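Each remark here refers to the structure printed beneath this line.
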Amino acid sequence: MSLRDAAETAITQCLALEETESCCIVTDDKREPIGEALYEVASEVTDDATIIRFPPGASHGAEPPEPVSSAMAASDVFLAPTTKSLSHTRARGDANDAGARGATLPGITEEVFTTGLEADYETIAQHCEDVLEQVQDADEIRVTSPQGTDITFEPGDREWHDDTGIVHDAGDFSNLPAGEVFVSPEDVNGTYVVDGTMMPHGLLDEGQTLEFDVEDGQVTRISDDEIRQSVEDAAEEVGDAAYNLAELGIGTNVAVTELVGSVLLDEKAGGTVHIAIGDDAGIGGDTEAPIHFDGILREPTVYADGEEIDLPQP
């Protein structure tokens with residue numbers, strides 16, 4: 001699949017851009033070829049397409065410059081292929097609140113763009129619906145794994161969300177590539193062991209694991225020095241919010257058959273679970289932090305109120 005083919009999937013199937021709508025492509029110096037591919041396709045659909053480029057952000061979740069935020073909020077449709085994630089920014093949230101529908105493509109590479117957008121997003125949406133049906137009314141979600149994970153999430157009053165990649169209504173939002181069901185839980189206790197992908201390491205070596213202990217929704221132990229230091233640095237700015245257990249996500253993209261080291265793609269892989277630390281204000285929680293670190297579990301078993309759920313498999 002070419003960049004153009006992937007861009008056509010994003011613009012036509014995922015965002016369903018119409019000729020009467022405005023479209024803003026937000027990109028940075030390192031992701032310009034993907035931004036240009038999206039802009040080219042959008043320009044063939046509508047005369048009101050723009051592209052705005054800015055230097056890569058300092059970290060995932062860092063706010064973009066004000067002109068970028070304004071452009072996103074003023075458009076009908078936005079797509080943001082950027083080096084650092086805009087998913088959990090106020091700029092993205094404000095744009096959706098203003099009625100724009102859009103997708104962020106954080107850390108996207110050309111390989112991930114062409115691989116992840118080769119999927120049939122109607123099928124992914126169905127897998128999301130199947131998983132949602134199994135988890136959304138549960139009081140307790142437990143995740144275990146052969147690597148030593150045993151952790152329990154209580155969603156409480158928090159709403160489950162699905163990231164289907166189908167972004168057709170005003171205010172809708174998705175990551176691309178898409179394919180997950182997720183919640184920002186009210187309480188979490190236990191241990192989780194990452195054996196897939198997690199930044200700054202990327203794809204972990206076979207047998208390599210990262211361990212995290214969680215008590216009352218706060219991460220209390222991080223086995224990895226680099227990740228611990230990043231969280232400690234964030235804690236100097238926002239205190240305990242940096243240690244917040246932010247997210248439980250379940251991958252539903254069955255087109256992703258192997259992990260490649262990109263969190264954006266790997267967290268969507270069917271049959272995987274990802275668990276995140278830090279900011280959850282953008283996904284239904286109430287904690288704001290300058291970090292959002294996802295860790296992916298390759299071999300999870302998930303229970304909803306004691307019943308094992310069926311996970312989509314590639």
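By order in the structure tokens, chains are A, B, ...; within a chain, residues start at 1; ligands start at 1, following the order shown.
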- request: Go through stretch 149-241 of chain A and collect every residue that DSSP, computed from the backbone, puts in helix (DSSP H, G or I); the answer should be as an MDAnalysis selection string.
  value: chainID A and resid 225:241
Can you write out the residues you just picked, keeping N, CA, C and O atoms, as a CSV table (one decimal), in the first residue's frame?
```
chain,number,residue,atom,x,y,z
A,225,ASP,N,14.4,1.9,35.0
A,225,ASP,CA,15.0,3.2,35.5
A,225,ASP,C,14.6,4.3,34.6
A,225,ASP,O,14.3,5.4,35.1
A,226,GLU,N,14.6,4.1,33.2
A,226,GLU,CA,14.3,5.2,32.3
A,226,GLU,C,12.9,5.7,32.5
A,226,GLU,O,12.6,6.9,32.5
A,227,ILE,N,11.9,4.8,32.5
A,227,ILE,CA,10.5,5.1,32.6
A,227,ILE,C,10.3,5.8,34.0
A,227,ILE,O,9.6,6.8,34.1
A,228,ARG,N,10.9,5.2,35.0
A,228,ARG,CA,10.7,5.8,36.4
A,228,ARG,C,11.2,7.2,36.4
A,228,ARG,O,10.6,8.1,37.0
A,229,GLN,N,12.4,7.5,35.8
A,229,GLN,CA,12.9,8.9,35.7
A,229,GLN,C,12.0,9.8,35.0
A,229,GLN,O,11.8,11.0,35.5
A,230,SER,N,11.4,9.4,33.9
A,230,SER,CA,10.5,10.2,33.1
A,230,SER,C,9.2,10.6,34.0
A,230,SER,O,8.7,11.7,34.0
A,231,VAL,N,8.7,9.6,34.7
A,231,VAL,CA,7.6,9.8,35.6
A,231,VAL,C,7.9,10.8,36.7
A,231,VAL,O,7.2,11.7,37.1
A,232,GLU,N,9.1,10.6,37.3
A,232,GLU,CA,9.6,11.4,38.4
A,232,GLU,C,9.7,12.9,37.9
A,232,GLU,O,9.4,13.8,38.6
A,233,ASP,N,10.3,13.0,36.7
A,233,ASP,CA,10.4,14.4,36.1
A,233,ASP,C,9.0,15.0,36.0
A,233,ASP,O,8.9,16.2,36.3
A,234,ALA,N,8.1,14.3,35.5
A,234,ALA,CA,6.7,14.8,35.4
A,234,ALA,C,6.1,15.2,36.7
A,234,ALA,O,5.4,16.2,36.9
A,235,ALA,N,6.4,14.3,37.7
A,235,ALA,CA,5.9,14.6,39.1
A,235,ALA,C,6.4,15.9,39.7
A,235,ALA,O,5.8,16.5,40.5
A,236,GLU,N,7.6,16.3,39.3
A,236,GLU,CA,8.2,17.6,39.7
A,236,GLU,C,7.3,18.7,39.3
A,236,GLU,O,7.2,19.8,40.0
A,237,GLU,N,6.6,18.5,38.2
A,237,GLU,CA,5.7,19.5,37.6
A,237,GLU,C,4.3,19.4,38.2
A,237,GLU,O,3.7,20.4,38.5
A,238,VAL,N,3.8,18.2,38.3
A,238,VAL,CA,2.3,18.0,38.6
A,238,VAL,C,2.1,17.2,39.8
A,238,VAL,O,0.9,16.9,40.1
A,239,GLY,N,3.1,16.7,40.5
A,239,GLY,CA,2.9,15.9,41.7
A,239,GLY,C,2.4,14.5,41.4
A,239,GLY,O,2.8,13.9,40.4
A,240,ASP,N,1.5,14.0,42.3
A,240,ASP,CA,1.0,12.6,42.2
A,240,ASP,C,0.3,12.3,40.9
A,240,ASP,O,0.1,11.2,40.5
A,241,ALA,N,-0.2,13.4,40.2
A,241,ALA,CA,-0.9,13.1,39.0
A,241,ALA,C,-0.1,12.3,38.0
A,241,ALA,O,-0.6,11.6,37.1
```
Give me, as JSON lines, each residue of stretch 180-220 of chain A that comes within 12 Å of stretch 262-270 of chain A, together with its shortest interatomic pair and the distance in Å at one decimal, counting only C-alpha atoms, with rows ordered by chain and rising residue number.
```
{"residue": "A:Glu180", "atom": "CA", "partner": "A:Lys268", "partner_atom": "CA", "distance": 5.6}
{"residue": "A:Val181", "atom": "CA", "partner": "A:Lys268", "partner_atom": "CA", "distance": 9.1}
{"residue": "A:Phe182", "atom": "CA", "partner": "A:Lys268", "partner_atom": "CA", "distance": 10.7}
{"residue": "A:Val194", "atom": "CA", "partner": "A:Glu267", "partner_atom": "CA", "distance": 11.7}
{"residue": "A:Asp195", "atom": "CA", "partner": "A:Asp266", "partner_atom": "CA", "distance": 11.8}
{"residue": "A:Gly196", "atom": "CA", "partner": "A:Asp266", "partner_atom": "CA", "distance": 8.1}
{"residue": "A:Thr197", "atom": "CA", "partner": "A:Val263", "partner_atom": "CA", "distance": 6.2}
{"residue": "A:Met198", "atom": "CA", "partner": "A:Val263", "partner_atom": "CA", "distance": 6.6}
{"residue": "A:Met199", "atom": "CA", "partner": "A:Val263", "partner_atom": "CA", "distance": 7.5}
{"residue": "A:Pro200", "atom": "CA", "partner": "A:Val263", "partner_atom": "CA", "distance": 10.1}
{"residue": "A:His201", "atom": "CA", "partner": "A:Ser262", "partner_atom": "CA", "distance": 10.1}
{"residue": "A:Gly202", "atom": "CA", "partner": "A:Ser262", "partner_atom": "CA", "distance": 6.5}
{"residue": "A:Leu203", "atom": "CA", "partner": "A:Ser262", "partner_atom": "CA", "distance": 7.5}
{"residue": "A:Leu204", "atom": "CA", "partner": "A:Ser262", "partner_atom": "CA", "distance": 11.1}
```
Write a file of the just-selected residues containing N, CA and C atoms, as an mmCIF file, in the first residue's frame.
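Output file part_27.cif follows:
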```
data_model
loop_
_atom_site.group_PDB
_atom_site.id
_atom_site.type_symbol
_atom_site.label_atom_id
_atom_site.label_comp_id
_atom_site.auth_asym_id
_atom_site.auth_seq_id
_atom_site.Cartn_x
_atom_site.Cartn_y
_atom_site.Cartn_z
ATOM 1 N N GLU A 180 -9.523 0.118 19.157
ATOM 2 C CA GLU A 180 -9.424 -0.211 20.578
ATOM 3 C C GLU A 180 -10.705 0.179 21.306
ATOM 4 N N VAL A 181 -10.897 -0.464 22.448
ATOM 5 C CA VAL A 181 -11.939 -0.130 23.400
ATOM 6 C C VAL A 181 -11.218 0.212 24.694
ATOM 7 N N PHE A 182 -11.565 1.334 25.341
ATOM 8 C CA PHE A 182 -10.758 1.773 26.475
ATOM 9 C C PHE A 182 -11.592 2.499 27.513
ATOM 10 N N VAL A 194 4.593 -5.491 31.312
ATOM 11 C CA VAL A 194 4.625 -5.175 29.882
ATOM 12 C C VAL A 194 5.665 -6.057 29.196
ATOM 13 N N ASP A 195 5.245 -6.744 28.142
ATOM 14 C CA ASP A 195 6.177 -7.600 27.384
ATOM 15 C C ASP A 195 6.122 -7.298 25.888
ATOM 16 N N GLY A 196 5.388 -6.222 25.520
ATOM 17 C CA GLY A 196 5.276 -5.856 24.109
ATOM 18 C C GLY A 196 6.063 -4.613 23.779
ATOM 19 N N THR A 197 5.359 -3.484 23.661
ATOM 20 C CA THR A 197 5.981 -2.224 23.282
ATOM 21 C C THR A 197 5.734 -1.184 24.364
ATOM 22 N N MET A 198 6.740 -0.405 24.689
ATOM 23 C CA MET A 198 6.576 0.740 25.583
ATOM 24 C C MET A 198 7.727 1.698 25.353
ATOM 25 N N MET A 199 7.402 2.958 25.262
ATOM 26 C CA MET A 199 8.450 3.964 25.093
ATOM 27 C C MET A 199 9.116 4.217 26.446
ATOM 28 N N PRO A 200 10.415 4.561 26.473
ATOM 29 C CA PRO A 200 11.262 4.890 25.324
ATOM 30 C C PRO A 200 11.931 3.697 24.656
ATOM 31 N N HIS A 201 11.548 2.482 25.052
ATOM 32 C CA HIS A 201 12.269 1.295 24.582
ATOM 33 C C HIS A 201 11.802 0.797 23.224
ATOM 34 N N GLY A 202 10.568 1.132 22.832
ATOM 35 C CA GLY A 202 10.024 0.550 21.614
ATOM 36 C C GLY A 202 9.655 -0.903 21.864
ATOM 37 N N LEU A 203 9.869 -1.747 20.873
ATOM 38 C CA LEU A 203 9.532 -3.165 20.987
ATOM 39 C C LEU A 203 10.536 -3.854 21.913
ATOM 40 N N LEU A 204 10.038 -4.486 22.953
ATOM 41 C CA LEU A 204 10.920 -5.158 23.911
ATOM 42 C C LEU A 204 11.474 -6.446 23.312
#
```
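By chain and then residue number, the residues within 6 Å of stretch 272-285 of chain A are His88, Ser184, Ala242, Tyr243, Asn244, Leu245, Ala246, Glu247, Leu248, Gly249, Ile250, Gly251, Glu267, Ala289, Ile291, His292, Phe293, Asp294, Gly295, Ile296, Leu297 and Arg298 of chain A, counting only C-alpha atoms and disregarding those fewer than 4 positions away in sequence.
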I need the residues from that last selection saved to file as a PDB file, in the first residue's frame (with N, CA, C and O atoms), if you can.
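The resulting again.pdb:
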```pdb
ATOM      1  N   HIS A  88      -4.020  13.767  23.657  1.00  0.00           N
ATOM      2  CA  HIS A  88      -4.415  14.101  25.029  1.00  0.00           C
ATOM      3  C   HIS A  88      -4.175  15.582  25.339  1.00  0.00           C
ATOM      4  O   HIS A  88      -3.861  15.942  26.463  1.00  0.00           O
ATOM      5  N   SER A 184     -10.943   4.996  31.323  1.00  0.00           N
ATOM      6  CA  SER A 184     -10.108   5.578  32.368  1.00  0.00           C
ATOM      7  C   SER A 184     -10.723   5.162  33.707  1.00  0.00           C
ATOM      8  O   SER A 184     -11.742   5.720  34.113  1.00  0.00           O
ATOM      9  N   ALA A 242       1.262  12.482  38.029  1.00  0.00           N
ATOM     10  CA  ALA A 242       2.146  11.764  37.106  1.00  0.00           C
ATOM     11  C   ALA A 242       2.072  10.260  37.309  1.00  0.00           C
ATOM     12  O   ALA A 242       2.348   9.479  36.385  1.00  0.00           O
ATOM     13  N   TYR A 243       1.713   9.830  38.534  1.00  0.00           N
ATOM     14  CA  TYR A 243       1.669   8.402  38.861  1.00  0.00           C
ATOM     15  C   TYR A 243       0.273   7.809  38.665  1.00  0.00           C
ATOM     16  O   TYR A 243       0.036   6.640  38.998  1.00  0.00           O
ATOM     17  N   ASN A 244      -0.633   8.584  38.122  1.00  0.00           N
ATOM     18  CA  ASN A 244      -2.003   8.123  37.917  1.00  0.00           C
ATOM     19  C   ASN A 244      -2.046   6.942  36.945  1.00  0.00           C
ATOM     20  O   ASN A 244      -1.425   6.960  35.893  1.00  0.00           O
ATOM     21  N   LEU A 245      -2.808   5.893  37.316  1.00  0.00           N
ATOM     22  CA  LEU A 245      -3.049   4.797  36.371  1.00  0.00           C
ATOM     23  C   LEU A 245      -4.207   5.241  35.492  1.00  0.00           C
ATOM     24  O   LEU A 245      -5.358   5.287  35.926  1.00  0.00           O
ATOM     25  N   ALA A 246      -3.890   5.589  34.259  1.00  0.00           N
ATOM     26  CA  ALA A 246      -4.783   6.388  33.423  1.00  0.00           C
ATOM     27  C   ALA A 246      -5.761   5.595  32.571  1.00  0.00           C
ATOM     28  O   ALA A 246      -6.859   6.068  32.302  1.00  0.00           O
ATOM     29  N   GLU A 247      -5.353   4.412  32.113  1.00  0.00           N
ATOM     30  CA  GLU A 247      -6.138   3.779  31.056  1.00  0.00           C
ATOM     31  C   GLU A 247      -5.965   2.275  31.037  1.00  0.00           C
ATOM     32  O   GLU A 247      -4.871   1.746  31.260  1.00  0.00           O
ATOM     33  N   LEU A 248      -7.066   1.601  30.732  1.00  0.00           N
ATOM     34  CA  LEU A 248      -7.063   0.204  30.310  1.00  0.00           C
ATOM     35  C   LEU A 248      -7.631   0.168  28.905  1.00  0.00           C
ATOM     36  O   LEU A 248      -8.736   0.667  28.660  1.00  0.00           O
ATOM     37  N   GLY A 249      -6.877  -0.387  27.966  1.00  0.00           N
ATOM     38  CA  GLY A 249      -7.335  -0.474  26.584  1.00  0.00           C
ATOM     39  C   GLY A 249      -7.228  -1.898  26.061  1.00  0.00           C
ATOM     40  O   GLY A 249      -6.331  -2.658  26.455  1.00  0.00           O
ATOM     41  N   ILE A 250      -8.144  -2.254  25.161  1.00  0.00           N
ATOM     42  CA  ILE A 250      -8.186  -3.580  24.553  1.00  0.00           C
ATOM     43  C   ILE A 250      -8.124  -3.408  23.044  1.00  0.00           C
ATOM     44  O   ILE A 250      -8.961  -2.716  22.455  1.00  0.00           O
ATOM     45  N   GLY A 251      -7.124  -4.011  22.397  1.00  0.00           N
ATOM     46  CA  GLY A 251      -6.931  -3.854  20.959  1.00  0.00           C
ATOM     47  C   GLY A 251      -7.929  -4.645  20.141  1.00  0.00           C
ATOM     48  O   GLY A 251      -8.246  -5.798  20.478  1.00  0.00           O
ATOM     49  N   GLU A 267      -0.680  -0.869  20.112  1.00  0.00           N
ATOM     50  CA  GLU A 267      -1.746  -0.875  21.118  1.00  0.00           C
ATOM     51  C   GLU A 267      -3.096  -1.232  20.503  1.00  0.00           C
ATOM     52  O   GLU A 267      -4.043  -1.570  21.219  1.00  0.00           O
ATOM     53  N   ALA A 289      -1.797  15.548  33.262  1.00  0.00           N
ATOM     54  CA  ALA A 289      -0.366  15.331  33.440  1.00  0.00           C
ATOM     55  C   ALA A 289       0.305  15.494  32.079  1.00  0.00           C
ATOM     56  O   ALA A 289      -0.335  15.287  31.043  1.00  0.00           O
ATOM     57  N   ILE A 291       2.356  13.599  30.682  1.00  0.00           N
ATOM     58  CA  ILE A 291       2.776  12.311  30.129  1.00  0.00           C
ATOM     59  C   ILE A 291       1.571  11.396  29.959  1.00  0.00           C
ATOM     60  O   ILE A 291       0.547  11.545  30.633  1.00  0.00           O
ATOM     61  N   HIS A 292       1.704  10.450  29.043  1.00  0.00           N
ATOM     62  CA  HIS A 292       0.732   9.363  28.887  1.00  0.00           C
ATOM     63  C   HIS A 292       1.520   8.198  28.297  1.00  0.00           C
ATOM     64  O   HIS A 292       1.736   8.136  27.088  1.00  0.00           O
ATOM     65  N   PHE A 293       1.975   7.284  29.159  1.00  0.00           N
ATOM     66  CA  PHE A 293       2.847   6.189  28.740  1.00  0.00           C
ATOM     67  C   PHE A 293       2.056   4.883  28.668  1.00  0.00           C
ATOM     68  O   PHE A 293       1.643   4.341  29.691  1.00  0.00           O
ATOM     69  N   ASP A 294       1.854   4.394  27.437  1.00  0.00           N
ATOM     70  CA  ASP A 294       1.170   3.121  27.233  1.00  0.00           C
ATOM     71  C   ASP A 294       2.173   1.973  27.222  1.00  0.00           C
ATOM     72  O   ASP A 294       3.229   2.070  26.583  1.00  0.00           O
ATOM     73  N   GLY A 295       1.811   0.881  27.886  1.00  0.00           N
ATOM     74  CA  GLY A 295       2.588  -0.353  27.825  1.00  0.00           C
ATOM     75  C   GLY A 295       1.699  -1.483  27.331  1.00  0.00           C
ATOM     76  O   GLY A 295       0.559  -1.633  27.793  1.00  0.00           O
ATOM     77  N   ILE A 296       2.195  -2.297  26.404  1.00  0.00           N
ATOM     78  CA  ILE A 296       1.367  -3.301  25.722  1.00  0.00           C
ATOM     79  C   ILE A 296       1.690  -4.701  26.218  1.00  0.00           C
ATOM     80  O   ILE A 296       2.859  -5.092  26.322  1.00  0.00           O
ATOM     81  N   LEU A 297       0.629  -5.453  26.521  1.00  0.00           N
ATOM     82  CA  LEU A 297       0.720  -6.835  26.975  1.00  0.00           C
ATOM     83  C   LEU A 297       0.314  -7.736  25.812  1.00  0.00           C
ATOM     84  O   LEU A 297      -0.785  -7.609  25.269  1.00  0.00           O
ATOM     85  N   ARG A 298       1.194  -8.669  25.471  1.00  0.00           N
ATOM     86  CA  ARG A 298       0.951  -9.520  24.302  1.00  0.00           C
ATOM     87  C   ARG A 298      -0.077 -10.626  24.556  1.00  0.00           C
ATOM     88  O   ARG A 298      -0.822 -10.993  23.656  1.00  0.00           O
TER      89      ARG A 298
END
```
- request: Enumerate as a PyMOL selection string all residues of stretch 135-214 of chain A assigned to strand (DSSP E or B) by DSSP on the backbone, naming them with the chain letters and numbers the document uses.
  value: chain A and resi 141-144+150-154+161-163+173-175+180-183+187-194+197-198+202-203+210-214
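Across the structure, atom CA of A:Ser59 and atom CA of A:Val193 are spaced 24.1 Å apart.
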- request: Write out as JSON, numbers by chain the residues lying within 9 Å of A:Ile25, counting only C-alpha atoms and excluding same-chain residues fewer than 6 positions away.
  value: {"A": [35, 36, 38, 39, 42, 49, 50, 51, 52, 53, 72, 77, 78, 79, 80, 81]}
